[in-house]
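**Student:** Sharing a structure with you now.
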Amino acid sequence: MSRRRFIGFVVAGATLTVAAEIGGAEPASAAVPSVPQVPELYDLGDLQTHSALPTSQLIRITVDDHGLAHFAIPRMEVGQGITTAAAMIIAEELSMRVEDVRVTLAPARPELVFNQLTGGSNTMQSMFTPIRVAAAVARGALLQAAATELGATVASLVAKGGVVTAPDGSSRTYAELSGAAASSTTTAVDVELSPTSSFDVVGTPRSRVDALEAVTGRKRFTMDLDVPDALPTMVCRPPTLNGSPRSIDNLAAVLGMPGVTDVVAVDTGVAVRAATFGQCIDAVRALRVTWAGGTVEGESDDSVLARLKAAELPMAVPKVPLLTQTVDMRFEFMFRSSAALEPNCAIADVRDDRATVWAGLKAPIVAQRNIAKALGLPIAKVDVNVVTGGGSFGHKLFGDAAIEAAKISRAMRKPVKLLWHRADEPRQGRTHPMATSRIRATLLAGEVLTFEQRHTSIKTDFSHGLGERLTAMASELPAGLGNLGLAESIFTLTQELPYDFGVVTQLLSEVDMGFNTGSMRNIYSPDVACANELFIDQLAKKVRKDPLAFRLAFLRNERVKACLRKVAEVGQWGRSMPPGTAQGIAIHSEYKGATAVLVEIDCRPETVGRQIRDAVTGPRVTKAVIAVDAGLVVNPRGLEAQMMGGVSDGIALALTSSNHLQDGHFLEASWDNYFYTRQWNVPPSFECIVMPSDAQLPGGAGEAGVAASVAATACAFARATGTVPTRFPINHGTVSFTPKTFVPPVPPSPTDGLTHTY
């Protein structure tokens with residue numbers, strides 16, 4: 001109805017239940033000018049928020065007769081802290097303690113349509129106002145009930161800490177009022193949100209509501225659930241990517257092994273169900289299977305790069321325009337695993353007429369539909385329960401494990417507790433696609449006249465629901481976007497180069513080669529920003545300007561400038577450093593926010609050559625400073641944690657973590673040879689500055705710290721070594737481990753764990 005006035009509902013029920021109505025937002029109608037770029041007018045976050053609006057009235061909060069507020073958030077908690085943030089918002093609007101708010105994860109709800117997908121740093125952007133409206137409706141109903149019981153006017157009442165007090169000192173608790181505030185019919189009500197300047201919960205640092213359970217081991221993830229007769233299950237997987245079983249050559253022998261109850265072939269491999277996971281591993285290793293080839297037989301890093309090079313789009317500006325200088329560079333980004341700390345897992349109980357699945361799912365409606373299709377059941381006969389996940393990195397957008405578990409349960413006709421082995425994930429799981437980025441700029445008298453980027457990538461799979469949102473919203477997108485392909489639309493909605501570089505064009509082309517891909521964290525931006533910011537350092541060098549001064553001279557986004565100035569100040573940009581060490585600085589603008597990162601790197605031989613058992617060491621980032629402007633911040637402590645994770649991701653992507661493709665399979669298998677940032681590689685000095693903002697709404701934060709961190713690390717490496725890296729991660733050319741076997745596909749269960757501790 002207006003910026004702060006909304007319609008909500010008091011829903012019929014025995015205790016107070018309320019809902020929000022946030023529909024009626026104007027679609028984007030601005031034409032797409034050459035300047036500013038599309039994401040400055042309408043970005044992927046806008047798309048996700050607008051597509052969620054039509055069902056926002058289905059977001060409900062219930063206050064029970066114990067005075068507790070209950071909210072089932074239609075997003076997935078994967079460690080990013082959204083349940084804490086949601087509890088803080090509800091506590092703010094309801095004037096109650098955060099400890100009295102219970103936020104759970106909603107199961108798959110098909111009626112939510114596009115309002116149940118976790119990704120793109122959009123949860124707080126899209127959920128902030130609907131949660132506030134629902135909570136404000138509840139507060140109004142409680143005050144109205146209190147006014148009746150206390151014989152006072154609503155305006156004279158004070159609500160605080162779950163208690164409503166009248167001027168004469170008489171009071172009622174929310175527990176006492178919840179029944180009286182309930183309605184026998186669903187009623188529309190007009191609510192006005194309080195100004196953000198009055199907040200005293202939102203915006204204050206708070207530890208996560210689930211922190212104690214997490215650190216004491218009581219937090220329950222999928223594999224912790226006790227589903228009757230759901231026994232441990234694992235899969236013997238093919239030696240090449242996406243192969244399939246032709247025959248099981250020793251079925252009887254494996255069925256006779258200790259603990260083994262079932263062995264069945266499914267399209268992804270041969271599943272084994274046993275009394276323990278250790279017995280599953282023994283059986284998987286014992287299986288002798290004849291395999292059909294996979295989708296990328298014989299392919300290697302070099303052959304994929306050759307396909308990408310052949311697909312690269314041409315530049316529009318001639319290489320040597322008259323009177324100008326031309327700068328050209330080409331960068332390569334290897335495959336990277338999107339495996340999280342928690343392996344892919346799911347529990348499935350499939351019967352003849354229905355199925356129930358438990359899993360960590362960021363797009364449960366899509367998973368529900370795919371499971372129903374795989375089983376030949378109506379969607380209404382498939383219950384999908386969303387469980388808190390131990391990380392995601394994008395791969396929990398896909399229901400791979402849930403679908404596989406359902407197929408196995410149907411084949412065995414028994415409940416199963418499916419767990420992927422650590423070795424399965426980098427070899428058969430989702431990867432961030434290999435890509436190249438070519439950039440050309442023209443310079444004249446110190447000014448940048450043109451900036452062209454041509455990003456070429458193995459196809460990114462967007463079948464997790466985001467593609468459907470784009471299709472449904474195509475007519476409301478800025479001019480021209482509705483006519484682009486799916487990936488090109490997402491690329492255009494996310495990529496923003498906030499510099500005045502004359503005519504700027506950034507284009508994507510993709511190659512489909514049969515790989516299992518996902519958007520990982522920050523979709524295209526880590527690769528694109530790394531290439532951009534490294535290139536900008538070279539432009540600065542070309543015109544003999546300091547990298548910081550050059551960026552400040554050309555940046556047109558004041559929020560980005562403020563972040564950049566802050567990290568330069570806090571990180572002491574330009575300070576004297578020993579040879580072989582250097583600073584790097586970079587920026588990124590996305591999700592209605594801004595980030596800037598300054599790092600210091602040590603590339604001296606004594607650091608690069610340090611010996612740590614079973615480690616990839618190499619250059620070490622010794623200091624990181626990140627400034628983030630994420631709009632209105634619900635929980636600053638949670639935002640700082642997100643930025644710390646983003647910087648760790650960026651360091652890994654720049655220096656150490658990748659998959660090596662050889663003869664149709666990836667060499668990496670588990671974390672002991674997939675080198676994410678480790679304790680010996682994290683910067684001893686880390687500082688996060690949350691920038692002040694007068695924004696009325698949150699921006700995106702979950703992925704915001706990654707891209708600038710990759711870029712700053714790459715820039716620091718180039719300055720420390722005098723050599724601009726063009727392939728990432730920089731250690732990809734060296735396989736510093738002995739690959740585990742492909743047949744059998746998993747190593748034996750360890751028996752010497754204590755010898756590997758420090």
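Naming works like this for the structure tokens: A, B, ... for the chains as they're shown, residue 1 at the start of each chain, ligands 1 onward in shown order.
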Need to verify the contact set: range 402-418 of chain A, 6 Å, only C-alpha atoms, exclusion of same-chain residues closer than 5 positions in sequence. Can you return it as a CSV table (one decimal) with all heavy atoms, in the first residue's frame?

**Tutor:**
```
chain,number,residue,atom,x,y,z
A,230,ALA,N,15.7,-47.4,8.6
A,230,ALA,CA,16.5,-46.8,7.6
A,230,ALA,C,18.0,-47.1,7.9
A,230,ALA,O,18.6,-46.5,8.8
A,230,ALA,CB,16.3,-45.3,7.5
A,231,LEU,N,18.6,-48.1,7.2
A,231,LEU,CA,19.9,-48.5,7.5
A,231,LEU,C,20.9,-47.8,6.6
A,231,LEU,O,20.6,-47.3,5.5
A,231,LEU,CB,20.0,-50.0,7.2
A,231,LEU,CG,19.3,-50.9,8.2
A,231,LEU,CD1,19.6,-52.4,7.9
A,231,LEU,CD2,19.7,-50.6,9.7
A,232,PRO,N,22.2,-47.8,7.0
A,232,PRO,CA,23.2,-47.1,6.2
A,232,PRO,C,23.3,-47.7,4.8
A,232,PRO,O,23.2,-48.9,4.6
A,232,PRO,CB,24.5,-47.4,7.0
A,232,PRO,CG,24.1,-47.6,8.4
A,232,PRO,CD,22.7,-48.2,8.3
A,233,THR,N,23.5,-46.8,3.8
A,233,THR,CA,23.5,-47.2,2.4
A,233,THR,C,24.5,-46.3,1.7
A,233,THR,O,24.6,-45.1,1.9
A,233,THR,CB,22.1,-47.0,1.8
A,233,THR,OG1,21.1,-47.7,2.5
A,233,THR,CG2,22.1,-47.4,0.3
A,234,MET,N,25.4,-47.0,0.9
A,234,MET,CA,26.3,-46.3,0.1
A,234,MET,C,26.3,-46.8,-1.4
A,234,MET,O,25.7,-47.9,-1.6
A,234,MET,CB,27.7,-46.4,0.7
A,234,MET,CG,27.8,-45.7,2.1
A,234,MET,SD,29.4,-45.7,2.8
A,234,MET,CE,30.2,-44.4,1.9
A,345,CYS,N,23.8,-36.4,1.3
A,345,CYS,CA,23.2,-37.5,2.0
A,345,CYS,C,21.7,-37.3,2.0
A,345,CYS,O,21.2,-36.1,1.8
A,345,CYS,CB,23.7,-37.6,3.4
A,345,CYS,SG,23.5,-36.0,4.4
A,346,ALA,N,20.9,-38.3,2.2
A,346,ALA,CA,19.5,-38.3,2.3
A,346,ALA,C,18.9,-39.5,2.9
A,346,ALA,O,19.6,-40.6,2.8
A,346,ALA,CB,18.9,-38.0,0.9
A,347,ILE,N,17.7,-39.4,3.5
A,347,ILE,CA,17.0,-40.6,4.0
A,347,ILE,C,15.7,-40.7,3.1
A,347,ILE,O,15.1,-39.7,2.9
A,347,ILE,CB,16.7,-40.5,5.5
A,347,ILE,CG1,17.9,-40.4,6.3
A,347,ILE,CG2,15.9,-41.7,5.9
A,347,ILE,CD1,17.7,-40.1,7.8
A,348,ALA,N,15.4,-41.9,2.7
A,348,ALA,CA,14.2,-42.1,1.9
A,348,ALA,C,13.5,-43.4,2.4
A,348,ALA,O,14.1,-44.4,2.6
A,348,ALA,CB,14.6,-42.3,0.4
A,349,ASP,N,12.2,-43.2,2.4
A,349,ASP,CA,11.3,-44.4,2.8
A,349,ASP,C,10.2,-44.4,1.7
A,349,ASP,O,9.3,-43.6,1.7
A,349,ASP,CB,10.7,-44.2,4.1
A,349,ASP,CG,9.8,-45.4,4.6
A,349,ASP,OD1,9.7,-46.3,3.8
A,349,ASP,OD2,9.3,-45.4,5.7
A,350,VAL,N,10.4,-45.3,0.7
A,350,VAL,CA,9.5,-45.3,-0.5
A,350,VAL,C,8.6,-46.6,-0.4
A,350,VAL,O,9.1,-47.7,-0.3
A,350,VAL,CB,10.3,-45.3,-1.8
A,350,VAL,CG1,9.3,-45.4,-3.0
A,350,VAL,CG2,11.1,-44.0,-1.9
A,371,ILE,N,11.6,-36.1,-7.6
A,371,ILE,CA,11.5,-37.4,-7.0
A,371,ILE,C,10.2,-38.1,-7.5
A,371,ILE,O,10.1,-39.3,-7.8
A,371,ILE,CB,11.5,-37.3,-5.5
A,371,ILE,CG1,12.9,-36.8,-5.0
A,371,ILE,CG2,11.0,-38.6,-4.8
A,371,ILE,CD1,12.9,-36.4,-3.5
```

**Student:** Among range 335-467 of chain A, which ones does DSSP place in strand (DSSP E or B), written as an MDAnalysis selection string?

**Tutor:** chainID A and resid 336:337 345:350 355:359 382:386 416:419 431:432 435:444 447:458

**Student:** Where does range 573-604 of chain A meet range 116-125 of chain A within 10 Å, residue by residue, with the nearest atom pair and distance in Å to one decimal for each, counting only C-alpha atoms, listed by chain and rising number, as a tab-separated table?

**Tutor:**
```
residue	atom	partner	partner_atom	distance
A:Glu590	CA	A:Ser121	CA	9.8
A:Tyr591	CA	A:Ser121	CA	7.1
A:Lys592	CA	A:Gln125	CA	9.4
```

**Student:** Would you output that residue set with C-alpha atoms, as a PDB file, in the first residue's frame?

**Tutor:**
```pdb
ATOM      1  CA  GLU A 590      26.601  -7.142  -6.480  1.00  0.00           C
ATOM      2  CA  TYR A 591      23.440  -7.961  -4.493  1.00  0.00           C
ATOM      3  CA  LYS A 592      22.595  -4.291  -3.910  1.00  0.00           C
TER       4      LYS A 592
END
```

**Student:** With a distance cut-off of 12 Å and only C-alpha atoms, select the neighbouring residues of Asp353 in chain A, excluding the residue or stretch itself and same-chain residues fewer than 3 positions from it, and output the selection as a list of chain:residue names.

**Tutor:** A:Asp349, A:Val350, A:Thr356, A:Ala372, A:Leu375, A:Gly376, A:Leu377, A:Pro378, A:Ile379, A:Ala380, A:Lys381, A:Val382, A:Asp383, A:Arg410, A:Arg413

**Student:** Please report as CSV every residue of range 589-639 of chain A lying within 12 Å of range 657-671 of chain A, along with the nearest atom pair and their distance in Å (one decimal), using only C-alpha atoms.

**Tutor:**
```
residue,atom,partner,partner_atom,distance
A:Asp614,CA,A:Trp671,CA,10.6
A:Ala615,CA,A:Trp671,CA,10.6
A:Val616,CA,A:Ser657,CA,9.7
A:Thr617,CA,A:Ser657,CA,11.5
```

**Student:** As a ChimeraX atom specification, please: the residues near Gly389 in chain A (cut-off 9 Å, only C-alpha atoms, same-chain neighbours under 6 positions excluded).

**Tutor:** /A:76-79,221-222,342,359-361,396

**Student:** Report, in Å to a single decimal, how far apart CA of Thr104 in chain A and CA of Arg208 in chain A are.

**Tutor:**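 Going from CA of Arg208 in chain A over to CA of Thr104 in chain A covers 13.8 Å.
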
**Student:** Do a neighbour search on range 329-336 of chain A at 8 Å with only C-alpha atoms, toss out local chain neighbours closer than 4 positions, and write the hits as a list of chain:residue names.

**Tutor:** A:Asp301, A:Thr431, A:His432, A:Pro433, A:Met434, A:Ala435, A:Thr436, A:Ser437, A:Arg438, A:Ile439, A:Arg440, A:Asp527, A:Ala531, A:Phe535, A:Ser657, A:Ser658, A:Asn659, A:His660, A:Thr726, A:Arg727, A:Phe728, A:Pro729, A:His732

**Student:** Output the selection as a PDB file, in the first residue's frame - N, CA, C and O atoms for each residue.

**Tutor:**
```pdb
ATOM      1  N   ASP A 301      41.729 -31.841 -19.037  1.00  0.00           N
ATOM      2  CA  ASP A 301      41.757 -30.378 -18.929  1.00  0.00           C
ATOM      3  C   ASP A 301      42.042 -29.734 -20.287  1.00  0.00           C
ATOM      4  O   ASP A 301      41.374 -28.777 -20.692  1.00  0.00           O
ATOM      5  N   THR A 431      30.433 -29.742  -9.951  1.00  0.00           N
ATOM      6  CA  THR A 431      31.633 -28.914 -10.000  1.00  0.00           C
ATOM      7  C   THR A 431      31.288 -27.534 -10.539  1.00  0.00           C
ATOM      8  O   THR A 431      30.328 -27.367 -11.297  1.00  0.00           O
ATOM      9  N   HIS A 432      32.088 -26.563 -10.116  1.00  0.00           N
ATOM     10  CA  HIS A 432      32.001 -25.246 -10.737  1.00  0.00           C
ATOM     11  C   HIS A 432      32.679 -25.364 -12.089  1.00  0.00           C
ATOM     12  O   HIS A 432      33.790 -25.876 -12.188  1.00  0.00           O
ATOM     13  N   PRO A 433      32.040 -24.906 -13.168  1.00  0.00           N
ATOM     14  CA  PRO A 433      32.545 -25.227 -14.505  1.00  0.00           C
ATOM     15  C   PRO A 433      33.862 -24.543 -14.856  1.00  0.00           C
ATOM     16  O   PRO A 433      34.148 -23.443 -14.393  1.00  0.00           O
ATOM     17  N   MET A 434      34.643 -25.227 -15.684  1.00  0.00           N
ATOM     18  CA  MET A 434      35.834 -24.613 -16.249  1.00  0.00           C
ATOM     19  C   MET A 434      35.410 -23.458 -17.148  1.00  0.00           C
ATOM     20  O   MET A 434      34.368 -23.513 -17.810  1.00  0.00           O
ATOM     21  N   ALA A 435      36.230 -22.406 -17.177  1.00  0.00           N
ATOM     22  CA  ALA A 435      35.858 -21.218 -17.946  1.00  0.00           C
ATOM     23  C   ALA A 435      37.103 -20.467 -18.392  1.00  0.00           C
ATOM     24  O   ALA A 435      38.188 -20.634 -17.822  1.00  0.00           O
ATOM     25  N   THR A 436      36.941 -19.651 -19.413  1.00  0.00           N
ATOM     26  CA  THR A 436      37.968 -18.696 -19.809  1.00  0.00           C
ATOM     27  C   THR A 436      37.350 -17.302 -19.825  1.00  0.00           C
ATOM     28  O   THR A 436      36.133 -17.152 -20.015  1.00  0.00           O
ATOM     29  N   SER A 437      38.175 -16.299 -19.597  1.00  0.00           N
ATOM     30  CA  SER A 437      37.700 -14.912 -19.653  1.00  0.00           C
ATOM     31  C   SER A 437      38.719 -14.102 -20.445  1.00  0.00           C
ATOM     32  O   SER A 437      39.889 -14.047 -20.073  1.00  0.00           O
ATOM     33  N   ARG A 438      38.269 -13.507 -21.543  1.00  0.00           N
ATOM     34  CA  ARG A 438      39.121 -12.668 -22.386  1.00  0.00           C
ATOM     35  C   ARG A 438      38.672 -11.220 -22.229  1.00  0.00           C
ATOM     36  O   ARG A 438      37.468 -10.931 -22.248  1.00  0.00           O
ATOM     37  N   ILE A 439      39.650 -10.340 -22.068  1.00  0.00           N
ATOM     38  CA  ILE A 439      39.333  -8.917 -21.884  1.00  0.00           C
ATOM     39  C   ILE A 439      40.196  -8.092 -22.823  1.00  0.00           C
ATOM     40  O   ILE A 439      41.381  -8.360 -22.997  1.00  0.00           O
ATOM     41  N   ARG A 440      39.572  -7.092 -23.418  1.00  0.00           N
ATOM     42  CA  ARG A 440      40.287  -6.118 -24.246  1.00  0.00           C
ATOM     43  C   ARG A 440      39.804  -4.714 -23.869  1.00  0.00           C
ATOM     44  O   ARG A 440      38.605  -4.481 -23.720  1.00  0.00           O
ATOM     45  N   ASP A 527      35.170 -15.744 -10.957  1.00  0.00           N
ATOM     46  CA  ASP A 527      36.026 -15.782 -12.144  1.00  0.00           C
ATOM     47  C   ASP A 527      36.033 -14.437 -12.859  1.00  0.00           C
ATOM     48  O   ASP A 527      37.088 -13.916 -13.245  1.00  0.00           O
ATOM     49  N   ALA A 531      39.351 -11.865 -13.151  1.00  0.00           N
ATOM     50  CA  ALA A 531      39.891 -11.421 -14.441  1.00  0.00           C
ATOM     51  C   ALA A 531      39.843  -9.900 -14.553  1.00  0.00           C
ATOM     52  O   ALA A 531      40.829  -9.255 -14.957  1.00  0.00           O
ATOM     53  N   PHE A 535      43.132  -7.402 -14.568  1.00  0.00           N
ATOM     54  CA  PHE A 535      43.286  -6.600 -15.779  1.00  0.00           C
ATOM     55  C   PHE A 535      43.375  -5.115 -15.436  1.00  0.00           C
ATOM     56  O   PHE A 535      44.180  -4.365 -16.014  1.00  0.00           O
ATOM     57  N   SER A 657      42.628 -24.587  -4.779  1.00  0.00           N
ATOM     58  CA  SER A 657      41.581 -25.610  -4.904  1.00  0.00           C
ATOM     59  C   SER A 657      41.067 -25.756  -6.330  1.00  0.00           C
ATOM     60  O   SER A 657      40.552 -24.803  -6.924  1.00  0.00           O
ATOM     61  N   SER A 658      41.216 -26.963  -6.869  1.00  0.00           N
ATOM     62  CA  SER A 658      40.692 -27.264  -8.203  1.00  0.00           C
ATOM     63  C   SER A 658      40.619 -28.763  -8.393  1.00  0.00           C
ATOM     64  O   SER A 658      41.205 -29.541  -7.638  1.00  0.00           O
ATOM     65  N   ASN A 659      39.889 -29.182  -9.414  1.00  0.00           N
ATOM     66  CA  ASN A 659      39.823 -30.577  -9.841  1.00  0.00           C
ATOM     67  C   ASN A 659      40.647 -30.745 -11.113  1.00  0.00           C
ATOM     68  O   ASN A 659      40.542 -29.921 -12.029  1.00  0.00           O
ATOM     69  N   HIS A 660      41.432 -31.806 -11.188  1.00  0.00           N
ATOM     70  CA  HIS A 660      42.197 -32.129 -12.388  1.00  0.00           C
ATOM     71  C   HIS A 660      41.445 -33.193 -13.177  1.00  0.00           C
ATOM     72  O   HIS A 660      41.191 -34.292 -12.652  1.00  0.00           O
ATOM     73  N   THR A 726      47.619 -16.297 -15.052  1.00  0.00           N
ATOM     74  CA  THR A 726      46.523 -16.361 -16.028  1.00  0.00           C
ATOM     75  C   THR A 726      45.732 -17.658 -15.920  1.00  0.00           C
ATOM     76  O   THR A 726      44.756 -17.832 -16.641  1.00  0.00           O
ATOM     77  N   ARG A 727      46.143 -18.583 -15.057  1.00  0.00           N
ATOM     78  CA  ARG A 727      45.383 -19.817 -14.831  1.00  0.00           C
ATOM     79  C   ARG A 727      45.156 -19.966 -13.334  1.00  0.00           C
ATOM     80  O   ARG A 727      46.082 -19.820 -12.538  1.00  0.00           O
ATOM     81  N   PHE A 728      43.904 -20.297 -12.975  1.00  0.00           N
ATOM     82  CA  PHE A 728      43.546 -20.392 -11.558  1.00  0.00           C
ATOM     83  C   PHE A 728      42.891 -21.724 -11.255  1.00  0.00           C
ATOM     84  O   PHE A 728      42.109 -22.226 -12.058  1.00  0.00           O
ATOM     85  N   PRO A 729      43.242 -22.263 -10.027  1.00  0.00           N
ATOM     86  CA  PRO A 729      44.173 -21.690  -9.059  1.00  0.00           C
ATOM     87  C   PRO A 729      45.611 -21.768  -9.560  1.00  0.00           C
ATOM     88  O   PRO A 729      45.909 -22.568 -10.445  1.00  0.00           O
ATOM     89  N   HIS A 732      47.455 -25.163  -9.994  1.00  0.00           N
ATOM     90  CA  HIS A 732      46.784 -26.243 -10.721  1.00  0.00           C
ATOM     91  C   HIS A 732      47.761 -27.066 -11.556  1.00  0.00           C
ATOM     92  O   HIS A 732      47.540 -28.260 -11.772  1.00  0.00           O
TER      93      HIS A 732
END
```

**Student:** Residues of range 477-656 of chain A classed as alpha helix (DSSP H) by DSSP on the backbone are to be reported as a PyMOL selection string.

**Tutor:** chain A and resi 486-494+525-542+547-554+558-570+605-608+636-655
